[in-house]
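All remarks here apply to the structure that follows.
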Amino acid sequence: MSIRWNKHLVILYDKQQGTLICDALERAIGSAFPECDIITVDDIGYTNPIHRFWRVKVSRFYAKNARFLVSWFSKFKDKKEAARIKEEREAHALGKEEKPVTARKTPGVARLVNILNRFRPVVVVATNRYSLKMTLLAKKITGSTTKVVAVISDFALSGEYVRSDIDLYLVENEMLKDGLMRYGIDRNRILISGMPFSEDQRPTHSRLEARKLLGITGDLPLIVVNGGEYCTATIKDKVKQLLSVNGKYALLILTYDNRSIKRYYKKIAEENDVEVLFKEEMEYSLIFAAADVIVTLPETHFIFSAFVNKIPVVLLDGITVLEHDVYRYLVSGALVTPAKTPEETYAAVEELLIDTDRRNEMIEREQGYYLKERSFNPERLMYDVLMIDSPAKEA
């Protein structure tokens, strides 16, 4: 099949967390439909500057007080979204008209209005919750007929994705599809596409080369610790346990831009004479080439990359509603080694390093899941579901 005329397709993504997902979508759709102009726009292009400023400030504040504040706020948001979804369904059932939308009420949406007016895309693909919400508002303001696709590249469902006026959902697994259907989304608008995967997630160096580039001097097993969005502040006790085991491991801790937590861990490492490195950015090709075990909060993209690259995962329990759901999903599938206490974390790492059979078993399970789920199909997106018909051939 081929599109025989130029059309614009816009992909909206989060530059900090969703670059690889965007790359995977762009390459998959672009390779199947080279005649389709694909425009990628990161959150700098569609987010209100004030919103971006406060998002960073609030995230840093949360990181320092995460265990209480993030847990409380996550439950509050979950209840709020559940109430919104219920209200929308009831209004739809009664045939009530939606409230009029104006750009003044949503300052950030003006950027999406400009994108719709400038490119007039046939499809907008949103890979995160904020861009999805803003796109739907912009579509109502402009009266655009653009199709809106929501890509849920997560193991579990956030209520913020559930919106009645989305043309198509691309979801990672069957559980997400069932969750959307329970909220009243038509099954015909949900396509299980697997996890969009970028080859940039694969290592390009040998283990030895990667360790040298990371600055690891010895040959001790490397444990990579990832605390997710809140910068490992919620897992201090578990990381401290690993740092206090003198000389058994080298650790690479992803701290992002949280300097206070970096100083905290560095002090403990120096007291126990442990080789520890800190990274502020995700360098997938180096991290997964060098790592022996991943210790992480329920962060889907990072965990999926570990699956692809055959690195066993010790999964720590999170504190948000979504993290709890991801944790349950992965543990129920026996895809990770769960750990809720410092002692369990240490025992899980030891088992995966010492017990070769157990390590191989977990890697086989991860690979089985990855190979089963990698089914993204751009042709179904463009033809079967969205029904974008090519014009008739000229006589």
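By convention here, the chains of the structure tokens are called A, B, ... in the order presented, each chain's residues are numbered starting at 1, and ligands are numbered starting at 1 in the order presented.
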(message) Give me the residues near segment 169-181 of chain A as a PyMOL selection string, where near means some atom within 9 Å (using only C-alpha atoms) and where sequence neighbours in that chain fewer than 5 positions away do not count.
(response) chain A and resi 148-157+159+161-162+186-187+189-196+329+373-374+376+381
Got time to write the residues from that selection, C-alpha atoms, as an mmCIF file, in the first residue's frame?
data_model
loop_
_atom_site.group_PDB
_atom_site.id
_atom_site.type_symbol
_atom_site.label_atom_id
_atom_site.label_comp_id
_atom_site.auth_asym_id
_atom_site.auth_seq_id
_atom_site.Cartn_x
_atom_site.Cartn_y
_atom_site.Cartn_z
ATOM 1 C CA VAL A 148 -6.375 12.144 17.263
ATOM 2 C CA VAL A 149 -4.404 9.040 18.255
ATOM 3 C CA ALA A 150 -3.363 8.356 21.848
ATOM 4 C CA VAL A 151 -0.310 6.144 22.334
ATOM 5 C CA ILE A 152 -0.298 4.577 25.816
ATOM 6 C CA SER A 153 3.235 3.227 26.034
ATOM 7 C CA ASP A 154 2.878 2.041 29.606
ATOM 8 C CA PHE A 155 2.188 -1.276 31.303
ATOM 9 C CA ALA A 156 -0.834 0.120 33.212
ATOM 10 C CA LEU A 157 -3.594 2.678 32.589
ATOM 11 C CA GLY A 159 -7.278 7.718 33.949
ATOM 12 C CA TYR A 161 -5.872 8.991 28.976
ATOM 13 C CA VAL A 162 -9.556 8.084 29.077
ATOM 14 C CA ASP A 186 -15.411 1.159 22.093
ATOM 15 C CA ARG A 187 -13.204 -1.893 21.496
ATOM 16 C CA ARG A 189 -11.076 2.175 18.747
ATOM 17 C CA ILE A 190 -8.392 0.260 20.663
ATOM 18 C CA LEU A 191 -5.479 -1.428 18.914
ATOM 19 C CA ILE A 192 -2.943 -3.502 20.837
ATOM 20 C CA SER A 193 0.224 -2.346 19.109
ATOM 21 C CA GLY A 194 2.864 -3.418 21.623
ATOM 22 C CA MET A 195 5.613 -1.084 22.802
ATOM 23 C CA PRO A 196 7.080 1.229 20.143
ATOM 24 C CA TYR A 329 1.185 -6.209 36.371
ATOM 25 C CA GLU A 373 4.622 -7.528 22.356
ATOM 26 C CA ARG A 374 6.653 -5.948 19.526
ATOM 27 C CA PHE A 376 3.432 -2.071 16.141
ATOM 28 C CA LEU A 381 -3.068 2.811 11.935
#
Contact table segment 118-196 of chain A vs segment 65-85 of chain A, cut-off 9 Å, shortest pair per residue, only C-alpha atoms, as a Markdown table:
| residue | atom | partner | partner_atom | distance |
| --- | --- | --- | --- | --- |
| A:Ser158 | CA | A:Asp78 | CA | 7.9 |
| A:Gly159 | CA | A:Glu81 | CA | 5.6 |
| A:Glu160 | CA | A:Glu81 | CA | 6.2 |
| A:Val162 | CA | A:Ile85 | CA | 7.1 |
| A:Arg163 | CA | A:Ile85 | CA | 7.4 |
| A:Ser164 | CA | A:Ile85 | CA | 8.7 |
| A:Tyr183 | CA | A:Ile85 | CA | 7.5 |
Write out the residues from the selection above, keeping C-alpha atoms, as an mmCIF file, in the first residue's frame.
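As a result, part12.cif now contains:
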data_model
loop_
_atom_site.group_PDB
_atom_site.id
_atom_site.type_symbol
_atom_site.label_atom_id
_atom_site.label_comp_id
_atom_site.auth_asym_id
_atom_site.auth_seq_id
_atom_site.Cartn_x
_atom_site.Cartn_y
_atom_site.Cartn_z
ATOM 1 C CA SER A 158 -3.775 6.248 33.863
ATOM 2 C CA GLY A 159 -7.278 7.718 33.949
ATOM 3 C CA GLU A 160 -5.981 10.893 32.285
ATOM 4 C CA VAL A 162 -9.556 8.084 29.077
ATOM 5 C CA ARG A 163 -11.347 10.572 26.835
ATOM 6 C CA SER A 164 -14.404 9.906 24.703
ATOM 7 C CA TYR A 183 -14.470 2.951 31.077
#
(message) So that I can see what lies close to Arg202 of chain A, please list as a PyMOL selection string the residues with an atom at most 9 Å from it, counting only C-alpha atoms and leaving out residues fewer than 2 positions away in the same chain.
(response) chain A and resi 198-200+204+284-286+288-289+305+308-309
(request) Point out the residue among A:Leu251, A:Thr337, A:Ile115, A:Pro298 with the least atom-to-atom distance to His324 of chain A, counting only C-alpha atoms. (result) A:Pro298
(request) Give me the residues within 10 Å of Glu344 of chain A as a list in words, counting only C-alpha atoms and dropping any in the same chain fewer than 5 places off. (result)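 Here the qualifying residues turn out to be Lys238, Val314, Leu316, Thr337, Pro338, Ala339, Val349 and Glu350 of chain A.
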Could you save the residues just selected, with C-alpha atoms, as a PDB file, in the first residue's frame?
ATOM      1  CA  LYS A 238      17.065   0.381  49.757  1.00  0.00           C
ATOM      2  CA  VAL A 314      14.680  -6.024  40.622  1.00  0.00           C
ATOM      3  CA  LEU A 316      10.877  -1.824  43.912  1.00  0.00           C
ATOM      4  CA  THR A 337      12.021  -9.958  40.959  1.00  0.00           C
ATOM      5  CA  PRO A 338       9.938  -7.921  43.439  1.00  0.00           C
ATOM      6  CA  ALA A 339      11.483  -6.226  46.485  1.00  0.00           C
ATOM      7  CA  VAL A 349      20.410  -8.637  43.714  1.00  0.00           C
ATOM      8  CA  GLU A 350      22.506 -11.404  45.270  1.00  0.00           C
TER       9      GLU A 350
END
Report the residues of segment 88-265 of chain A whose backbone DSSP state falls under helix (DSSP H, G or I), written as a PDB file with C-alpha atoms, in the first residue's frame.
ATOM      1  CA  GLU A  88     -18.559  12.584  30.844  1.00  0.00           C
ATOM      2  CA  ARG A  89     -20.162   9.160  30.408  1.00  0.00           C
ATOM      3  CA  GLU A  90     -23.369  10.274  32.122  1.00  0.00           C
ATOM      4  CA  ALA A  91     -23.541  13.439  30.016  1.00  0.00           C
ATOM      5  CA  HIS A  92     -22.983  11.428  26.833  1.00  0.00           C
ATOM      6  CA  ALA A  93     -25.704   8.938  27.800  1.00  0.00           C
ATOM      7  CA  LEU A  94     -28.168  11.795  28.385  1.00  0.00           C
ATOM      8  CA  ALA A 103      -8.494  29.483  24.305  1.00  0.00           C
ATOM      9  CA  ARG A 104      -8.509  31.969  27.199  1.00  0.00           C
ATOM     10  CA  LYS A 105      -9.397  29.225  29.659  1.00  0.00           C
ATOM     11  CA  VAL A 109      -3.584  25.220  24.188  1.00  0.00           C
ATOM     12  CA  ALA A 110      -2.764  28.246  21.995  1.00  0.00           C
ATOM     13  CA  ARG A 111       0.424  26.517  20.815  1.00  0.00           C
ATOM     14  CA  LEU A 112      -1.543  23.475  19.668  1.00  0.00           C
ATOM     15  CA  VAL A 113      -4.040  25.738  17.906  1.00  0.00           C
ATOM     16  CA  ASN A 114      -1.132  27.230  15.951  1.00  0.00           C
ATOM     17  CA  ILE A 115       0.164  23.764  15.040  1.00  0.00           C
ATOM     18  CA  LEU A 116      -3.255  22.636  13.773  1.00  0.00           C
ATOM     19  CA  ASN A 117      -3.748  25.829  11.757  1.00  0.00           C
ATOM     20  CA  ARG A 118      -0.218  25.776  10.327  1.00  0.00           C
ATOM     21  CA  PHE A 119       0.108  22.118   9.281  1.00  0.00           C
ATOM     22  CA  ARG A 129      -1.299  12.765  28.724  1.00  0.00           C
ATOM     23  CA  TYR A 130      -0.747  16.510  28.667  1.00  0.00           C
ATOM     24  CA  SER A 131      -0.307  16.817  24.901  1.00  0.00           C
ATOM     25  CA  LEU A 132      -3.380  14.638  24.395  1.00  0.00           C
ATOM     26  CA  LYS A 133      -5.556  16.880  26.551  1.00  0.00           C
ATOM     27  CA  MET A 134      -4.247  20.050  24.874  1.00  0.00           C
ATOM     28  CA  THR A 135      -4.766  18.607  21.367  1.00  0.00           C
ATOM     29  CA  LEU A 136      -8.402  17.765  22.053  1.00  0.00           C
ATOM     30  CA  LEU A 137      -9.009  21.285  23.346  1.00  0.00           C
ATOM     31  CA  ALA A 138      -7.275  22.805  20.322  1.00  0.00           C
ATOM     32  CA  LYS A 139      -9.324  20.627  17.989  1.00  0.00           C
ATOM     33  CA  LYS A 140     -12.569  21.884  19.532  1.00  0.00           C
ATOM     34  CA  ILE A 141     -11.438  25.521  19.315  1.00  0.00           C
ATOM     35  CA  THR A 142     -10.407  25.285  15.657  1.00  0.00           C
ATOM     36  CA  GLY A 159      -7.278   7.718  33.949  1.00  0.00           C
ATOM     37  CA  GLU A 160      -5.981  10.893  32.285  1.00  0.00           C
ATOM     38  CA  TYR A 161      -5.872   8.991  28.976  1.00  0.00           C
ATOM     39  CA  GLU A 174      -4.433  -6.569  26.747  1.00  0.00           C
ATOM     40  CA  MET A 175      -4.874  -5.225  30.282  1.00  0.00           C
ATOM     41  CA  LEU A 176      -4.834  -1.651  28.982  1.00  0.00           C
ATOM     42  CA  LYS A 177      -7.457  -2.515  26.388  1.00  0.00           C
ATOM     43  CA  ASP A 178      -9.683  -4.127  29.029  1.00  0.00           C
ATOM     44  CA  GLY A 179      -9.251  -1.082  31.272  1.00  0.00           C
ATOM     45  CA  LEU A 180     -10.308   1.330  28.527  1.00  0.00           C
ATOM     46  CA  MET A 181     -13.313  -0.822  27.663  1.00  0.00           C
ATOM     47  CA  ARG A 182     -14.412  -0.839  31.311  1.00  0.00           C
ATOM     48  CA  ARG A 187     -13.204  -1.893  21.496  1.00  0.00           C
ATOM     49  CA  ASN A 188     -12.991  -0.970  17.801  1.00  0.00           C
ATOM     50  CA  ARG A 189     -11.076   2.175  18.747  1.00  0.00           C
ATOM     51  CA  GLU A 199      16.991   0.675  18.039  1.00  0.00           C
ATOM     52  CA  ASP A 200      18.720   3.484  19.951  1.00  0.00           C
ATOM     53  CA  GLN A 201      17.811   1.523  23.078  1.00  0.00           C
ATOM     54  CA  ARG A 207      30.527  -4.446  28.124  1.00  0.00           C
ATOM     55  CA  LEU A 208      34.177  -3.547  28.646  1.00  0.00           C
ATOM     56  CA  GLU A 209      33.990  -0.488  26.382  1.00  0.00           C
ATOM     57  CA  ALA A 210      30.824   0.748  28.067  1.00  0.00           C
ATOM     58  CA  ARG A 211      32.321   0.382  31.542  1.00  0.00           C
ATOM     59  CA  LYS A 212      35.369   2.390  30.487  1.00  0.00           C
ATOM     60  CA  LEU A 213      33.233   5.129  28.943  1.00  0.00           C
ATOM     61  CA  LEU A 214      31.145   5.306  32.107  1.00  0.00           C
ATOM     62  CA  GLY A 228      12.345   7.444  38.283  1.00  0.00           C
ATOM     63  CA  GLU A 229      10.810  10.899  38.141  1.00  0.00           C
ATOM     64  CA  TYR A 230      11.378  11.638  41.829  1.00  0.00           C
ATOM     65  CA  ALA A 233      14.331  10.091  47.099  1.00  0.00           C
ATOM     66  CA  THR A 234      11.649   7.482  47.790  1.00  0.00           C
ATOM     67  CA  ILE A 235      14.073   4.542  47.882  1.00  0.00           C
ATOM     68  CA  LYS A 236      16.847   5.888  50.085  1.00  0.00           C
ATOM     69  CA  ASP A 237      16.748   2.974  52.523  1.00  0.00           C
ATOM     70  CA  LYS A 238      17.065   0.381  49.757  1.00  0.00           C
ATOM     71  CA  VAL A 239      19.937   2.156  48.009  1.00  0.00           C
ATOM     72  CA  LYS A 240      21.669   2.696  51.350  1.00  0.00           C
ATOM     73  CA  GLN A 241      21.546  -1.062  51.943  1.00  0.00           C
ATOM     74  CA  LEU A 242      23.315  -1.725  48.624  1.00  0.00           C
ATOM     75  CA  LEU A 243      25.898   0.986  49.321  1.00  0.00           C
ATOM     76  CA  ARG A 259      21.967  17.354  43.713  1.00  0.00           C
ATOM     77  CA  SER A 260      20.900  16.835  47.318  1.00  0.00           C
ATOM     78  CA  ILE A 261      20.193  13.116  46.850  1.00  0.00           C
ATOM     79  CA  LYS A 262      23.497  12.771  44.981  1.00  0.00           C
ATOM     80  CA  ARG A 263      25.387  14.256  47.945  1.00  0.00           C
ATOM     81  CA  TYR A 264      23.523  11.923  50.315  1.00  0.00           C
ATOM     82  CA  TYR A 265      24.496   8.766  48.403  1.00  0.00           C
TER      83      TYR A 265
END
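Coordinates place atom CA of Lys147 of chain A at a distance of 6.0 Å from atom CA of Asp167 of chain A.
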Counting only C-alpha atoms, which residues in segment 249-332 of chain A sit no more than 12 Å from segment 21-44 of chain A? For each one, give the nearest pair of atoms and the distance in Å, sorted by chain then residue number, as JSON lines.
{"residue": "A:Thr300", "atom": "CA", "partner": "A:Ile21", "partner_atom": "CA", "distance": 11.5}
{"residue": "A:His301", "atom": "CA", "partner": "A:Ile21", "partner_atom": "CA", "distance": 8.6}
{"residue": "A:Phe302", "atom": "CA", "partner": "A:Ile21", "partner_atom": "CA", "distance": 11.4}
{"residue": "A:Phe304", "atom": "CA", "partner": "A:Ile21", "partner_atom": "CA", "distance": 11.5}
{"residue": "A:Ser305", "atom": "CA", "partner": "A:Ile21", "partner_atom": "CA", "distance": 11.3}
File of the preceding selection, C-alpha atoms, as a PDB file, in the first residue's frame:
ATOM      1  CA  THR A 300       7.873   1.345  32.083  1.00  0.00           C
ATOM      2  CA  HIS A 301      10.237   2.537  29.333  1.00  0.00           C
ATOM      3  CA  PHE A 302      13.349   1.858  31.389  1.00  0.00           C
ATOM      4  CA  PHE A 304      11.125  -2.489  28.803  1.00  0.00           C
ATOM      5  CA  SER A 305      14.609  -1.512  27.613  1.00  0.00           C
TER       6      SER A 305
END
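Among the candidate residues A:Val313, A:Leu335, A:Val326, A:Ile11, the one lying nearest to Val122 of chain A is A:Ile11, with distances computed using only C-alpha atoms.
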(request) Measuring atom to atom with only C-alpha atoms, identify which of A:Leu222, A:Leu315, A:Leu330, A:Leu252 is nearest to Ala291 of chain A. (result)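 With only C-alpha atoms as the atom set, the closest residue is A:Leu222.
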